Protein chains: 2
Amino acid sequence: MNDGSVERLLDQLREIVGVAHVLTDADAKAGYEVDWTGRFRGVSPAVVRPGSTAEVAAVVRACGEAGASVVTQGGNTGLVGGAVPAGGELVVSTRRLDWIGPVDAIGAQVSAGAGATLAAAQAQAAAAGLAVGIDLGARDSATVGGMVATNAAGLNYLRHGGMRRQLVGLQAVLANGEVIGRLDALAKDNTGYDLAGLLCGSEGTLAIVTAVRLQLVAPPRHLRTALAGVPDLRTAVLAVASLRDAGVVVEAAEAFLDEGMALVCRHLAVERPLPPSPAYLLVDWDGDVEALATTALGDALVADDPSRRAALWRFREAHTEAVNRAGVPHKLDVSVAPADLDALVAALRPLVAATAPGALLVVFGHVADGNLHVNVVGPPPDDDTIDDAILRLVAEMGGSISAEHGIGTAKRRWLSLVRPPAELAAMRAVKQALDPGGVLNPSVLF
Amino acid sequence: MNDGSVERLLDQLREIVGVAHVLTDADAKAGYEVDWTGRFRGVSPAVVRPGSTAEVAAVVRACGEAGASVVTQGGNTGLVGGAVPAGGELVVSTRRLDWIGPVDAIGAQVSAGAGATLAAAQAQAAAAGLAVGIDLGARDSATVGGMVATNAAGLNYLRHGGMRRQLVGLQAVLANGEVIGRLDALAKDNTGYDLAGLLCGSEGTLAIVTAVRLQLVAPPRHLRTALAGVPDLRTAVLAVASLRDAGVVVEAAEAFLDEGMALVCRHLAVERPLPPSPAYLLVDWDGDVEALATTALGDALVADDPSRRAALWRFREAHTEAVNRAGVPHKLDVSVAPADLDALVAALRPLVAATAPGALLVVFGHVADGNLHVNVVGPPPDDDTIDDAILRLVAEMGGSISAEHGIGTAKRRWLSLVRPPAELAAMRAVKQALDPGGVLNPSVLF
């Protein structure tokens with residue numbers, strides 16, 4: 001687009017959303033042009049902040065007619081550069097779509113605008129004695145629309161699944177400006193393709209989600225936490241499986257290694273809570289203490305009140321800050337079959353030693369999902385040799401190069417490691433069918 | 001296709017699957033050309049029974065090159081005519097793909113060929129102390145591949161969701177003959193579009209599912225059943241919601257009306273088990289008897305052993321045979337918001353009285369899902385005036401014209417009542433993108 005046509009488009013957008021909601025000033029745009037990690041940035045002609053689904057539709061239509069592309073941005077908490085204008089796109093911010101409806105107590109559902117934060121949805125659910133099935137560290141910024149677009153997961157994935165599972169319905173604007181979807185209490189509907197499920201996890205490439213209808217869950221009644229040393233990750237995985245087989249409701253199951261425990265204890269300046277062990281399992285369950293009797297976690301520390309639970313969780317949660325303090329980490333979000341976690345760790349150690357001699361390797365993650373967050377501190381931030389080596393290793397093991405975070409712009413070059421040509425062709429065909437003009441997030445995924 | 005080109009194609013197919021597995025004899029084909037209800041039928045040049053995914057791929061490729069279309073058929077238990085050759089298609093039967101893999105006890109998963117029956121998958125899971133999250137009356141015939149293609153639901157939907165939720169992965173053959181998907185233990189993967197989820201519920205129009213990977217669940221520990229009279233369906237819905245809010249694990253919740261109870265008692269020649277009541281709730285839960293104290297179901301009959309549980313369930317399950325004995329029913333599978341169930345019943349009564357005077361109306365269903373099976377006995381089987389009236393009523397109430405059974409060929413003419421033009425256009429665009437030649441189930445959905 002030349003400057004004149006950009007100006008004409010911006011005038012149209014000002015008519016649609018109001019002058020105050022088309023940001024072209026460099027300072028006003030700045031926060032939208034870079035992700036929160038500072039790793040991904042772009043320059044956008046303008047940030048457009050529509051206030052309704054109808055305004056989003058009009059914005060998309062105007063951009064499509066002008067041949068302009070857009071990037072949709074929610075809370076800007078993504079980790080793969082999928083929400084910044086990497087290719088000079090207009091930014092469509094959903095943050096003004098932050099309404100939350102009343103909780104439907106019968107169906108245990110709530111509707112919310114795409115720009116409502118997870119924390120706001122959680123508060124609304126809690127006021128009705130219910131809960132959202134997903135929790136994330138970024139809850140105060142992450143928007144429910146962005147969480148649908150990326151199929152967000154988090155700590156309770158083994159209990160309630162990812163965002164796709166919470167989704168009763170959604171409202172979205174297609175690339176042609178048409179509005180699709182529904183936000184009602186219909187629990188069961190088998191009338192054609194599951195477009196909502198397809199949009200979930202499509203990272204803004206097929207539509208702009210403008211509102212969501214979430215299934216809520218009954219909150220845990222008697223949440224307890226145990227922290228135990230285990231000889232390896234397989235033991236942790238088996239302990240969680242035996243709890244499940246005994247009918248225990250496991251809410252979260254995190255594992256980390258002794259290097260991480262040592263780093264965290266130094267960072268927090270506290271003693272180790274347990275004798276050293278090759279690995280540790282942190283498990284939350286809803287039930288009584290006797291549940292642990294079904295496992296090999298006899299020596300576990302157990303907490304059943306919020307402050308003591310938080311104290312145990314601190315050893316897991318402080319991993320991120322302890323790693324960041326050691327340097328700028330390369331963070332890989334990968335998954336393998338849970339039975340293969342030890343093999344992955346065993347392969348990572350020599351690979352990191354060979355590829356990035358002297359680097360610090362810290363691994364933690366959602367053990368029941370086979371999902372490890374691999375952190376490597378040492379190699380320069382802009383050198384992705386180690387990323388490439390780790391993602392290839394994971395792909396060779398039949399794993400996923402992105403368990404939770406998505407592909408965005410950051411992992412496009414590795415997507416073909418895990419999706420065969422026939423699947424990539426099918427994905428491109430769907431993208432071409434629904435967005436032939438490449439209006440929506442053209443720099444993402446492909 | 002003229003006779004010569006059909007013969008050339010059949011010769012090719014015989015080379016691919018073996019002479020014994022291309023059925024052209026009228027007697028051999030007969031069972032594949034009509035659905036089990038006898039309502040939907042067609043004539044096919046041949047039934048092809050491939051024995052592997054590779055054979056399915058070769059069959060699809062040969063048909064595509066010859067300009068022939070196929071209908072995929074699993075257990076032929078569908079209710080909307082989606083698996084019979086309504087347009088003279090070749091039938092691809094998946095029944096020889098009936099292998100079942102070992103249960104992965106760590107991940108609680110199992111892989112199975114598309115032609116394995118639900119009962120076979122259930123038996124395999126049970127041998128490992130686990131269960132499939134779905135159960136259906138048609139379990140001995142319904143295949144797991146057909147259940148994925150139709151996103152089957154069943155009695156435990158409120159507990160474990162439909163087939164899409166059980167699906168860890170699948171293998172499928174696209175219209176171009178390419179094989180996509182994965183059958184491994186990966187629990188978490190956010191690398192692009194969820195093609196497996198898209199195929200689930202697409203009724204064979206986008207691909208032929210050849211194998212599935214299912215998530216298994218821990219079976220209930222202490223299953224109990226209660227049957228209670230309730231003044232209306234709203235009371236039943238609220239009782240189930242209060243059980244859920246109290247943390248009780250509800251496994252099934254069925255409701256029916258007094259007309260149904262009276263009909264069933266006459267059919268079974270038994271006394272009413274409870275004083276007459278406008279409606280009844282039958283609920284299965286996993287836990288102790290005290291759970292009921294949280295509800296208004298104080299006078300419920302409670303059973304906690306299999307034979308007494310079966311005796312209570314008989315009052316619900318005998319509805320189908322009691323209705324069939326009264327005549328050939330028009331069966332509608334609809335859903336509304338659970339809060340609207342009484343309003344639906346209140347509207348159905350005068351509508352049936354006006355549209356089909358003297359007809360018998362029997363309504364039962366999955367109350368927590370807002371899913372009613374509406375049976376009308378009286379109007380001639382081939383007159384769909386009453387079907388049309390009921391589906392329009394449901395659509396006007398914001399409900400679904402097919403909660404569980406799908407659209408198939410039977411409900412195509414009503415699909416536009418519930419899917420707006422923008423969604424139908426998106427669905428057609430996806431179909432066109434993945435099956436431009438119309439090879440797969442061309443008579444279904446659209």
# chains A, B, ... in the order shown; residues from 1 in each chain; ligands from 1
$ select_by_dssp --residues "stretch 53-173 of chain B" --states "alpha helix (DSSP H)" --output "JSON, numbers by chain"
{"B": [53, 54, 55, 56, 57, 58, 59, 60, 61, 62, 63, 64, 65, 66, 118, 119, 120, 121, 122, 123, 124, 125, 126, 127, 144, 145, 146, 147, 148, 149, 157, 158, 159, 160, 163, 164, 165, 166]}
$ residues_around --residues "B:Arg244" --least-positions-apart "3" --cutoff "12 Å" --atoms "only C-alpha atoms" --output "VMD selection string"
(chain A and resid 105 to 108 129 to 130 216 to 221) or (chain B and resid 158 to 159 237 to 241 247 to 253 283 285 to 286 291 to 292 294 to 295 368)
$ residues_around --residues "B:Glu317" --least-positions-apart "3" --cutoff "10 Å" --atoms "only C-alpha atoms" --output "NGL selection string"
:B and (137 or 254 or 264 or 310-314 or 320-322 or 364)
$ write_last_selection --atoms "all heavy atoms" --output "mmCIF file, in the first residue's frame"
data_model
loop_
_atom_site.group_PDB
_atom_site.id
_atom_site.type_symbol
_atom_site.label_atom_id
_atom_site.label_comp_id
_atom_site.auth_asym_id
_atom_site.auth_seq_id
_atom_site.Cartn_x
_atom_site.Cartn_y
_atom_site.Cartn_z
ATOM 1 N N GLY B 137 -26.055 -47.542 23.165
ATOM 2 C CA GLY B 137 -26.819 -48.769 23.003
ATOM 3 C C GLY B 137 -26.301 -49.617 21.854
ATOM 4 O O GLY B 137 -26.319 -50.841 21.920
ATOM 5 N N GLU B 254 -30.863 -38.741 33.023
ATOM 6 C CA GLU B 254 -31.906 -38.911 32.004
ATOM 7 C C GLU B 254 -33.241 -38.447 32.573
ATOM 8 O O GLU B 254 -33.510 -38.612 33.768
ATOM 9 C CB GLU B 254 -32.016 -40.388 31.629
ATOM 10 C CG GLU B 254 -30.738 -40.980 31.089
ATOM 11 C CD GLU B 254 -30.417 -40.447 29.710
ATOM 12 O OE1 GLU B 254 -31.242 -40.631 28.805
ATOM 13 O OE2 GLU B 254 -29.353 -39.816 29.549
ATOM 14 N N VAL B 264 -44.446 -47.223 29.230
ATOM 15 C CA VAL B 264 -43.444 -48.243 29.543
ATOM 16 C C VAL B 264 -44.018 -49.264 30.534
ATOM 17 O O VAL B 264 -43.821 -50.467 30.379
ATOM 18 C CB VAL B 264 -42.171 -47.583 30.097
ATOM 19 C CG1 VAL B 264 -41.290 -48.595 30.839
ATOM 20 C CG2 VAL B 264 -41.385 -46.928 28.964
ATOM 21 N N ALA B 310 -30.078 -51.824 37.086
ATOM 22 C CA ALA B 310 -30.652 -52.142 35.774
ATOM 23 C C ALA B 310 -32.175 -52.063 35.812
ATOM 24 O O ALA B 310 -32.816 -51.635 34.838
ATOM 25 C CB ALA B 310 -30.187 -53.526 35.327
ATOM 26 N N ALA B 311 -32.733 -52.454 36.947
ATOM 27 C CA ALA B 311 -34.200 -52.416 37.065
ATOM 28 C C ALA B 311 -34.701 -50.972 36.985
ATOM 29 O O ALA B 311 -35.736 -50.699 36.356
ATOM 30 C CB ALA B 311 -34.623 -53.069 38.383
ATOM 31 N N LEU B 312 -33.993 -50.046 37.607
ATOM 32 C CA LEU B 312 -34.404 -48.634 37.497
ATOM 33 C C LEU B 312 -34.189 -48.109 36.081
ATOM 34 O O LEU B 312 -35.032 -47.385 35.534
ATOM 35 C CB LEU B 312 -33.642 -47.777 38.511
ATOM 36 C CG LEU B 312 -33.935 -48.056 39.990
ATOM 37 C CD1 LEU B 312 -33.205 -47.055 40.885
ATOM 38 C CD2 LEU B 312 -35.442 -47.991 40.271
ATOM 39 N N TRP B 313 -33.039 -48.477 35.502
ATOM 40 C CA TRP B 313 -32.754 -48.005 34.145
ATOM 41 C C TRP B 313 -33.787 -48.538 33.136
ATOM 42 O O TRP B 313 -34.005 -47.929 32.092
ATOM 43 C CB TRP B 313 -31.326 -48.426 33.724
ATOM 44 C CG TRP B 313 -30.344 -47.357 34.059
ATOM 45 C CD1 TRP B 313 -29.630 -47.220 35.210
ATOM 46 C CD2 TRP B 313 -29.980 -46.248 33.220
ATOM 47 N NE1 TRP B 313 -28.846 -46.088 35.153
ATOM 48 C CE2 TRP B 313 -29.039 -45.480 33.943
ATOM 49 C CE3 TRP B 313 -30.345 -45.823 31.944
ATOM 50 C CZ2 TRP B 313 -28.473 -44.306 33.431
ATOM 51 C CZ3 TRP B 313 -29.782 -44.666 31.430
ATOM 52 C CH2 TRP B 313 -28.854 -43.917 32.174
ATOM 53 N N ARG B 314 -34.378 -49.693 33.431
ATOM 54 C CA ARG B 314 -35.340 -50.290 32.504
ATOM 55 C C ARG B 314 -36.479 -49.320 32.184
ATOM 56 O O ARG B 314 -36.982 -49.294 31.063
ATOM 57 C CB ARG B 314 -35.891 -51.574 33.147
ATOM 58 C CG ARG B 314 -36.660 -52.463 32.210
ATOM 59 C CD ARG B 314 -35.748 -53.412 31.441
ATOM 60 N NE ARG B 314 -36.537 -54.264 30.549
ATOM 61 C CZ ARG B 314 -36.687 -54.019 29.238
ATOM 62 N NH1 ARG B 314 -36.064 -53.007 28.684
ATOM 63 N NH2 ARG B 314 -37.434 -54.814 28.496
ATOM 64 N N THR B 320 -37.829 -46.874 24.102
ATOM 65 C CA THR B 320 -37.689 -47.076 22.665
ATOM 66 C C THR B 320 -38.565 -48.227 22.181
ATOM 67 O O THR B 320 -39.332 -48.080 21.218
ATOM 68 C CB THR B 320 -36.211 -47.337 22.310
ATOM 69 O OG1 THR B 320 -35.451 -46.206 22.755
ATOM 70 C CG2 THR B 320 -36.026 -47.495 20.816
ATOM 71 N N GLU B 321 -38.475 -49.372 22.874
ATOM 72 C CA GLU B 321 -39.290 -50.514 22.422
ATOM 73 C C GLU B 321 -40.780 -50.258 22.640
ATOM 74 O O GLU B 321 -41.607 -50.666 21.815
ATOM 75 C CB GLU B 321 -38.832 -51.813 23.111
ATOM 76 C CG GLU B 321 -38.734 -51.704 24.607
ATOM 77 C CD GLU B 321 -37.821 -52.761 25.241
ATOM 78 O OE1 GLU B 321 -36.593 -52.579 25.242
ATOM 79 O OE2 GLU B 321 -38.373 -53.740 25.745
ATOM 80 N N ALA B 322 -41.129 -49.561 23.724
ATOM 81 C CA ALA B 322 -42.546 -49.259 23.967
ATOM 82 C C ALA B 322 -43.091 -48.346 22.868
ATOM 83 O O ALA B 322 -44.218 -48.521 22.396
ATOM 84 C CB ALA B 322 -42.714 -48.620 25.345
ATOM 85 N N PHE B 364 -38.071 -38.172 25.775
ATOM 86 C CA PHE B 364 -37.105 -38.536 26.818
ATOM 87 C C PHE B 364 -35.734 -38.054 26.379
ATOM 88 O O PHE B 364 -35.561 -37.691 25.215
ATOM 89 C CB PHE B 364 -37.101 -40.046 27.061
ATOM 90 C CG PHE B 364 -36.839 -40.883 25.841
ATOM 91 C CD1 PHE B 364 -35.542 -41.212 25.459
ATOM 92 C CD2 PHE B 364 -37.890 -41.329 25.049
ATOM 93 C CE1 PHE B 364 -35.312 -41.978 24.333
ATOM 94 C CE2 PHE B 364 -37.662 -42.104 23.910
ATOM 95 C CZ PHE B 364 -36.366 -42.423 23.555
#
$ residues_around --residues "B:Gly87" --least-positions-apart "3" --cutoff "10 Å" --atoms "only C-alpha atoms" --output "list in words"
Arg41, Gly42, Val43, Ser44, Ser69, Val70, Val71, Val84, Leu90, Asn441, Pro442, Ser443 and Val444 of chain B
$ closest_residue --among "A:Gln122, A:Ser5, A:Ser307, A:Thr150" --to "chain B" --atoms "only C-alpha atoms"
A:Thr150
$ select_by_dssp --residues "stretch 90-130 of chain B" --states "strand (DSSP E)" --output "PyMOL selection string"
chain B and resi 90-93+109-113
$ residues_around --residues "A:Glu259" --least-positions-apart "6" --cutoff "10 Å" --atoms "only C-alpha atoms" --output "compact mmCIF listing (two decimals) with C-alpha atoms, in the first residue's frame"
# COMPACT_ATOMS: atom_id res chain seq x y z
CA PRO A 276 18.47 -34.36 47.33
CA SER A 277 16.88 -36.54 44.69
CA PRO A 278 17.37 -36.79 40.93
CA ALA A 279 13.86 -35.41 40.36
CA LEU A 360 22.98 -24.19 32.06
CA LEU A 361 20.13 -26.63 31.34
CA VAL A 362 17.01 -26.35 33.50
CA VAL A 363 14.00 -28.49 32.78
$ residues_around --residues "B:Arg39" --least-positions-apart "2" --cutoff "10 Å" --atoms "only C-alpha atoms" --output "PyMOL selection string"
chain B and resi 34-37+41+79-81+381-382+410
$ residues_around --residues "A:Ala262" --least-positions-apart "5" --cutoff "12 Å" --atoms "only C-alpha atoms" --output "VMD selection string"
chain A and resid 256 to 257 267 to 280 315 to 316 318 to 319 322 to 323 362
$ atom_distance --atom1 "atom CA of A:Asp435" --atom2 "atom CA of A:Leu174"
7.7 Å
$ closest_residue --among "A:Val56, A:Ala66, A:Ile401, A:Ala300" --to "A:Val92" --atoms "only C-alpha atoms"
A:Val56
$ closest_residue --among "B:Asp189, B:Glu396, B:Asp258, B:Asp384" --to "chain A" --atoms "only C-alpha atoms"
B:Asp189
